[in-house]
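Structure file target.txt; described as compact mmCIF, C-alpha atoms and all ligand atoms.
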```txt
# COMPACT_ATOMS: atom_id res chain seq x y z
CA MET A 70 14.37 28.63 14.62
CA LYS A 71 13.93 25.10 13.21
CA VAL A 72 15.46 22.35 15.34
CA PHE A 73 15.75 18.70 14.30
CA ILE A 74 16.42 16.25 17.14
CA VAL A 75 17.55 12.74 16.23
CA HIS A 76 16.83 10.70 19.34
CA ALA A 77 18.51 7.32 19.87
CA HIS A 78 17.39 5.58 23.08
CA HIS A 79 15.28 2.44 23.31
CA GLU A 80 13.58 3.36 26.63
CA PRO A 81 11.16 6.31 26.61
CA ARG A 82 11.48 6.76 30.42
CA SER A 83 15.29 6.94 30.23
CA PHE A 84 17.20 10.07 31.11
CA ASN A 85 17.85 10.52 27.39
CA GLY A 86 14.09 10.46 26.93
CA ALA A 87 13.75 13.15 29.60
CA LEU A 88 16.39 15.28 27.86
CA THR A 89 14.57 15.14 24.53
CA ARG A 90 11.17 15.87 26.10
CA THR A 91 12.74 18.78 28.00
CA ALA A 92 14.24 20.19 24.80
CA VAL A 93 10.96 19.90 22.89
CA GLU A 94 8.92 21.57 25.65
CA HIS A 95 11.48 24.29 26.32
CA LEU A 96 12.07 25.26 22.71
CA ARG A 97 8.39 25.05 21.72
CA SER A 98 7.47 27.29 24.66
CA GLN A 99 9.74 29.90 23.04
CA GLY A 100 8.03 29.58 19.68
CA HIS A 101 10.66 27.47 17.91
CA GLU A 102 9.75 24.68 15.50
CA ILE A 103 10.93 21.21 16.56
CA VAL A 104 10.95 17.94 14.67
CA VAL A 105 12.03 14.71 16.42
CA SER A 106 13.08 11.49 14.75
CA ASP A 107 12.79 8.91 17.54
CA LEU A 108 14.79 6.18 15.84
CA TYR A 109 13.74 3.16 17.96
CA ALA A 110 10.08 4.25 17.95
CA MET A 111 10.28 4.60 14.15
CA GLY A 112 11.89 1.17 13.81
CA TRP A 113 14.71 2.85 11.91
CA ASP A 114 16.75 0.36 9.88
CA PRO A 115 20.44 1.29 10.29
CA VAL A 116 21.79 -0.97 7.52
CA SER A 117 23.06 0.89 4.49
CA ASP A 118 23.03 -0.88 1.12
CA ARG A 119 20.75 -1.09 -1.93
CA ARG A 120 17.73 -0.71 0.36
CA ASN A 121 18.57 3.03 0.43
CA PHE A 122 17.54 3.40 -3.21
CA THR A 123 14.65 2.96 -5.57
CA THR A 124 17.05 3.49 -8.49
CA VAL A 125 19.98 1.36 -9.67
CA SER A 126 23.11 2.70 -11.34
CA ASP A 127 25.15 -0.50 -11.58
CA PRO A 128 23.27 -3.75 -10.88
CA ALA A 129 26.46 -5.81 -11.14
CA TYR A 130 28.58 -4.13 -8.48
CA LEU A 131 27.40 -2.14 -5.46
CA LYS A 132 29.45 1.02 -5.05
CA GLN A 133 27.50 2.89 -2.42
CA GLN A 134 28.62 6.44 -3.18
CA GLN A 135 28.03 5.95 -6.93
CA GLU A 136 24.49 4.77 -6.19
CA GLU A 137 24.03 7.75 -3.86
CA LEU A 138 25.05 10.18 -6.62
CA HIS A 139 22.77 8.39 -9.07
CA ALA A 140 19.86 8.49 -6.61
CA THR A 141 20.50 12.21 -5.99
CA GLU A 142 20.27 12.90 -9.73
CA HIS A 143 17.22 10.65 -10.33
CA ASP A 144 15.11 11.22 -7.22
CA GLY A 145 15.95 7.68 -6.24
CA PHE A 146 16.19 7.49 -2.46
CA ALA A 147 13.92 5.15 -0.52
CA PRO A 148 11.05 7.10 1.07
CA GLU A 149 12.25 6.63 4.68
CA VAL A 150 15.73 7.94 3.77
CA GLN A 151 14.35 10.83 1.71
CA ALA A 152 12.10 11.85 4.62
CA GLU A 153 15.13 12.16 6.94
CA MET A 154 17.07 14.08 4.27
CA ASP A 155 14.16 16.50 3.98
CA LYS A 156 14.19 17.12 7.76
CA LEU A 157 17.95 17.66 7.63
CA ARG A 158 17.65 20.21 4.83
CA TRP A 159 14.78 21.95 6.69
CA CYS A 160 16.52 22.50 10.03
CA ASP A 161 18.69 25.36 11.25
CA ALA A 162 20.07 23.22 14.06
CA LEU A 163 20.60 19.47 14.32
CA VAL A 164 20.74 17.73 17.72
CA PHE A 165 21.86 14.15 18.30
CA GLN A 166 20.51 12.82 21.62
CA PHE A 167 22.12 9.54 22.66
CA PRO A 168 23.84 7.50 25.37
CA LEU A 169 27.56 7.00 24.68
CA TRP A 170 27.99 3.39 23.60
CA TRP A 171 31.48 1.98 23.25
CA PHE A 172 32.88 5.50 23.08
CA GLY A 173 30.67 6.38 20.14
CA LEU A 174 27.20 6.55 18.64
CA PRO A 175 24.72 3.71 19.20
CA ALA A 176 24.57 1.67 15.99
CA ILE A 177 21.05 2.84 15.17
CA LEU A 178 22.26 6.47 15.09
CA LYS A 179 25.49 5.68 13.26
CA GLY A 180 23.35 3.88 10.68
CA TRP A 181 21.12 6.93 10.41
CA VAL A 182 24.21 8.99 9.52
CA ASP A 183 25.42 6.32 7.07
CA ARG A 184 22.13 6.34 5.16
CA VAL A 185 21.08 10.00 5.39
CA PHE A 186 24.39 11.86 4.87
CA ALA A 187 24.65 10.55 1.33
CA MET A 188 27.11 11.72 -1.32
CA GLY A 189 25.38 14.25 -3.54
CA VAL A 190 23.06 15.25 -0.71
CA ALA A 191 25.41 16.06 2.18
CA TYR A 192 28.77 16.39 0.40
CA GLY A 193 30.51 15.87 -2.91
CA GLN A 194 32.23 17.73 -5.77
CA GLY A 195 34.47 19.56 -3.32
CA ARG A 196 31.60 20.68 -1.16
CA ILE A 197 33.13 19.95 2.25
CA TYR A 198 34.14 21.95 5.35
CA GLU A 199 34.06 25.70 4.56
CA ASN A 200 32.35 24.96 1.21
CA GLY A 201 30.08 22.42 2.84
CA VAL A 202 26.51 21.78 1.74
CA PHE A 203 25.13 22.47 5.20
CA ALA A 204 26.99 25.73 5.87
CA GLY A 205 25.00 27.89 8.27
CA LYS A 206 23.50 24.98 10.20
CA LYS A 207 24.45 24.36 13.85
CA ALA A 208 24.95 20.88 15.26
CA LEU A 209 24.90 19.73 18.87
CA LEU A 210 25.82 16.41 20.46
CA SER A 211 23.72 15.90 23.60
CA LEU A 212 24.83 12.73 25.33
CA THR A 213 24.94 10.79 28.54
CA THR A 214 27.67 8.49 29.80
CA GLY A 215 28.02 5.68 32.28
CA GLY A 216 31.48 6.80 33.33
CA PRO A 217 32.24 9.81 35.51
CA ALA A 218 33.53 13.17 34.22
CA GLU A 219 37.05 12.59 35.54
CA SER A 220 37.43 9.49 33.32
CA TYR A 221 36.81 11.72 30.28
CA ALA A 222 39.08 14.60 31.36
CA GLU A 223 41.06 16.10 28.47
CA GLU A 224 44.22 15.86 30.60
CA GLY A 225 44.84 12.44 32.11
CA GLY A 226 41.34 10.99 31.78
CA GLN A 227 41.56 7.19 31.83
CA TYR A 228 39.12 6.86 28.91
CA GLY A 229 40.70 9.71 26.94
CA GLY A 230 39.47 13.24 26.45
CA LEU A 231 35.82 13.46 25.45
CA SER A 232 36.56 15.96 22.66
CA THR A 233 38.92 13.36 21.13
CA LEU A 234 36.26 10.67 21.34
CA LEU A 235 33.65 12.94 19.74
CA TYR A 236 36.00 14.28 17.04
CA PRO A 237 34.91 11.73 14.41
CA ILE A 238 31.32 13.01 14.74
CA ASN A 239 31.97 16.71 15.25
CA HIS A 240 34.73 17.00 12.66
CA GLY A 241 34.09 13.95 10.48
CA VAL A 242 30.32 14.40 10.05
CA PHE A 243 29.13 17.84 11.16
CA GLU A 244 32.08 20.06 10.13
CA PHE A 245 32.82 17.86 7.10
CA THR A 246 29.41 18.79 5.72
CA GLY A 247 29.79 22.48 6.57
CA MET A 248 27.89 22.62 9.86
CA THR A 249 29.15 24.46 12.91
CA ALA A 250 29.69 21.92 15.70
CA LEU A 251 28.72 23.41 19.06
CA PRO A 252 30.35 22.38 22.35
CA PRO A 253 28.71 19.09 23.37
CA PHE A 254 26.18 18.89 26.20
CA VAL A 255 27.14 15.97 28.44
CA VAL A 256 25.47 14.45 31.49
CA TYR A 257 28.04 12.17 33.11
CA GLY A 258 26.66 9.09 34.85
CA PRO A 259 23.02 10.15 35.30
CA VAL A 260 22.28 6.84 36.98
CA ARG A 261 24.50 7.85 39.92
CA LEU A 262 22.93 11.28 40.38
CA THR A 263 20.18 12.04 42.88
CA PRO A 264 16.74 12.92 41.49
CA GLU A 265 17.43 16.55 42.44
CA GLU A 266 20.76 16.52 40.61
CA ARG A 267 19.10 15.04 37.54
CA THR A 268 16.45 17.77 37.62
CA ALA A 269 19.27 20.33 37.82
CA GLU A 270 20.88 18.72 34.76
CA LEU A 271 17.64 19.10 32.81
CA ALA A 272 17.60 22.80 33.75
CA ARG A 273 21.24 23.08 32.64
CA TYR A 274 20.22 21.59 29.29
CA CYS A 275 17.58 24.31 28.88
CA ARG A 276 20.30 26.93 29.43
CA ALA A 277 22.56 25.20 26.86
CA LEU A 278 19.70 25.26 24.36
CA ASP A 279 19.18 28.95 25.08
CA GLY A 280 22.85 29.42 24.14
CA LEU A 281 22.28 27.55 20.87
CA VAL A 282 19.31 29.78 20.03
CA ALA A 283 21.28 32.93 20.93
CA ARG A 284 24.12 31.92 18.59
CA GLU A 285 21.63 31.29 15.80
CA LEU A 286 19.91 34.65 16.24
CA GLN A 287 23.31 36.34 16.40
CA ALA A 288 24.35 34.66 13.12
CA MET A 289 21.07 35.57 11.42
CA ASN A 290 21.48 39.24 12.44
CA SER A 291 25.17 39.58 11.53
P1 LIG B 301 18.92 5.90 32.58
O1 LIG B 301 19.52 4.75 33.29
O2 LIG B 301 17.72 5.69 31.72
O3 LIG B 301 18.53 7.07 33.57
C1 LIG B 301 19.25 7.34 34.75
C2 LIG B 301 18.23 7.69 35.81
O4 LIG B 301 17.52 8.89 35.45
C3 LIG B 301 17.15 6.59 35.99
O5 LIG B 301 17.03 6.31 37.38
C4 LIG B 301 15.89 7.26 35.46
O6 LIG B 301 14.73 6.78 36.11
C5 LIG B 301 16.14 8.72 35.81
N1 LIG B 301 15.28 9.67 35.11
C6 LIG B 301 14.60 9.49 33.95
N2 LIG B 301 13.85 10.56 33.67
C7 LIG B 301 14.09 11.48 34.66
C8 LIG B 301 13.61 12.79 34.91
N3 LIG B 301 12.74 13.41 34.11
N4 LIG B 301 14.06 13.43 36.00
C9 LIG B 301 14.94 12.85 36.85
N5 LIG B 301 15.41 11.57 36.66
C10 LIG B 301 15.00 10.91 35.57
N6 LIG B 301 29.19 4.42 29.19
C11 LIG B 301 30.35 5.08 28.99
O7 LIG B 301 30.69 5.99 29.78
N7 LIG B 301 31.17 4.79 27.92
C12 LIG B 301 30.86 3.83 27.02
O8 LIG B 301 31.60 3.62 26.08
C13 LIG B 301 29.64 3.10 27.23
N8 LIG B 301 29.29 2.11 26.37
C14 LIG B 301 28.09 1.48 26.54
C15 LIG B 301 27.73 0.49 25.62
C16 LIG B 301 26.52 -0.14 25.74
C17 LIG B 301 26.12 -1.15 24.71
C18 LIG B 301 25.65 0.18 26.82
C19 LIG B 301 24.31 -0.52 26.96
C20 LIG B 301 26.00 1.15 27.74
C21 LIG B 301 27.22 1.82 27.62
N9 LIG B 301 27.61 2.82 28.50
C22 LIG B 301 28.80 3.45 28.33
C23 LIG B 301 26.68 3.30 29.56
C24 LIG B 301 25.65 4.28 28.98
O9 LIG B 301 26.31 5.36 28.32
C25 LIG B 301 24.77 4.83 30.12
O10 LIG B 301 24.10 3.75 30.71
C26 LIG B 301 23.78 5.84 29.60
O11 LIG B 301 24.44 6.95 29.03
C27 LIG B 301 22.88 6.37 30.72
O12 LIG B 301 21.84 7.16 30.17
P2 LIG B 301 20.32 6.64 30.18
O13 LIG B 301 19.45 7.64 29.53
O14 LIG B 301 20.26 5.25 29.64
O15 LIG B 301 20.08 6.62 31.75
```
Let me see whether you can do it: turn the structure in this file into structure tokens.
Amino acid sequence: MKVFIVHAHHEPRSFNGALTRTAVEHLRSQGHEIVVSDLYAMGWDPVSDRRNFTTVSDPAYLKQQQEELHATEHDGFAPEVQAEMDKLRWCDALVFQFPLWWFGLPAILKGWVDRVFAMGVAYGQGRIYENGVFAGKKALLSLTTGGPAESYAEEGGQYGGLSTLLYPINHGVFEFTGMTALPPFVVYGPVRLTPEERTAELARYCRALDGLVARELQAMNS
């Protein structure tokens, strides 16, 4: 199985860093192929505009989706964007690893989505949801929070249910482009856990990844 992890944390020794290293080691030990885009380490530029393209459709007025379609038809994406698109096309499963920031994706990861999920490449001409371009791919949000689980409870959580907060990503990005969004893997407030509890969370992540692999194998055999 080919797994593409997009990692968005600025500190390699963070718990997010530990989660990505755990995933890479665990999945590789089972013979799976893993590619990681470590966005801060790459110096990923999250700003989406004409820098995404080597081609120009309309020099007088920037209409981003029109330029995306034009770039799709004329091999006109900037090399760093094209490289991420190639990894996306390659993978069977996409994983976003990130700390929840302001109830959403850190800007560097949101900007990765803005630039890489381009019209013509990830969607367009009616190719959305069940007809989506990326049908057959699985997608997993693996995230950490500062707040405790009870604050994100679906019923009565002060911050609102986590599935509601993640809906724009799971439904608006993954499912929109045809992927199957898996139940998210969440570590609530890792900073307040004991070292032993954090180690247990890393082991729980390995089990969640085993579930992802099992679903993939099941789909491939059905
Ligand atoms: P870290 O603080 O890096 O790690 C926690 C602990 O794990 C550390 O002690 C670390 O040493 C230890 N550790 C690292 N590796 C291992 C290992 N291998 N084994 C055991 N222990 C290990 N929170 C919310 O809930 N909602 C929000 O909307 C929100 N918005 C935010 C916005 C911003 C701009 C910022 C900066 C933070 C926000 N937060 C929010 C908090 C943020 O989500 C948490 O701080 C973050 O998720 C914690 O994850 P981390 O990887 O940074 O933890």
key: Interatomic distance (Å, one decimal) between atom CA of A:Pro128 and atom CA of A:Lys179   = 26.0 Å
message = Which residues are near ligand LIG 301 (chain B) - at most 6 Å, using all atoms listed in the file? Format: as a list in words.
response = Arg82, Ser83, Phe84, Asn85, Ala87, Pro168, Leu169, Trp170, Trp171, Phe172, Thr213, Thr214, Gly215, Gly216, Pro259, Val260, Pro264, Arg267 and Thr268 of chain A
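If you measure from each of A:Thr263, A:Gln135, A:Ser117, A:Ser211 to A:Leu174 using all atoms listed in the file, the closest one turns out to be A:Ser211.
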message = Just the number, please: distance in Å from atom CA of A:Ser98 to atom CA of A:Asp155, one decimal.
response =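 Atom-to-atom, atom CA of A:Ser98 to atom CA of A:Asp155, that is 24.3 Å.
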message = Using all atoms listed in the file, which protein or nucleic acid residues come within 10 Å of A:Val202? Drop anything in the same chain fewer than 6 positions from it, and give the result as a VMD selection string.
response = chain A and resid 158 189 to 193 195 to 196 245 to 248
query = What separation in Å, quoted to one decimal, exists between atom CA of A:Ala92 and atom CA of A:Ala152?
reply =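 Answer for the atom CA of A:Ala92 to atom CA of A:Ala152 separation: 21.9 Å.
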inquiry  = If we count only C-alpha atoms and set the cut-off at 8 Å, which residues sit around stretch 233-239 of chain A, ignoring sequence neighbours fewer than 3 positions away in its own chain? Please answer as JSON, numbers by chain.
reply    = {"A": [172, 173, 229, 230, 242, 243, 244, 250]}
message = Show me the residues close to (35.6, 12.9, 30.3) - anything with an atom within 8 Å, counting only C-alpha atoms - and format the list as a list of chain:residue names.
response = A:Gly216, A:Pro217, A:Ala218, A:Glu219, A:Ser220, A:Tyr221, A:Ala222, A:Glu223, A:Gly226, A:Tyr228, A:Gly229, A:Gly230, A:Leu231
message = Env of A:Ile177: 9 Å cut, atoms = only C-alpha atoms, seq-sep filter 5 positions within chain, self excluded. Answer as a count of residues only.
response = 8
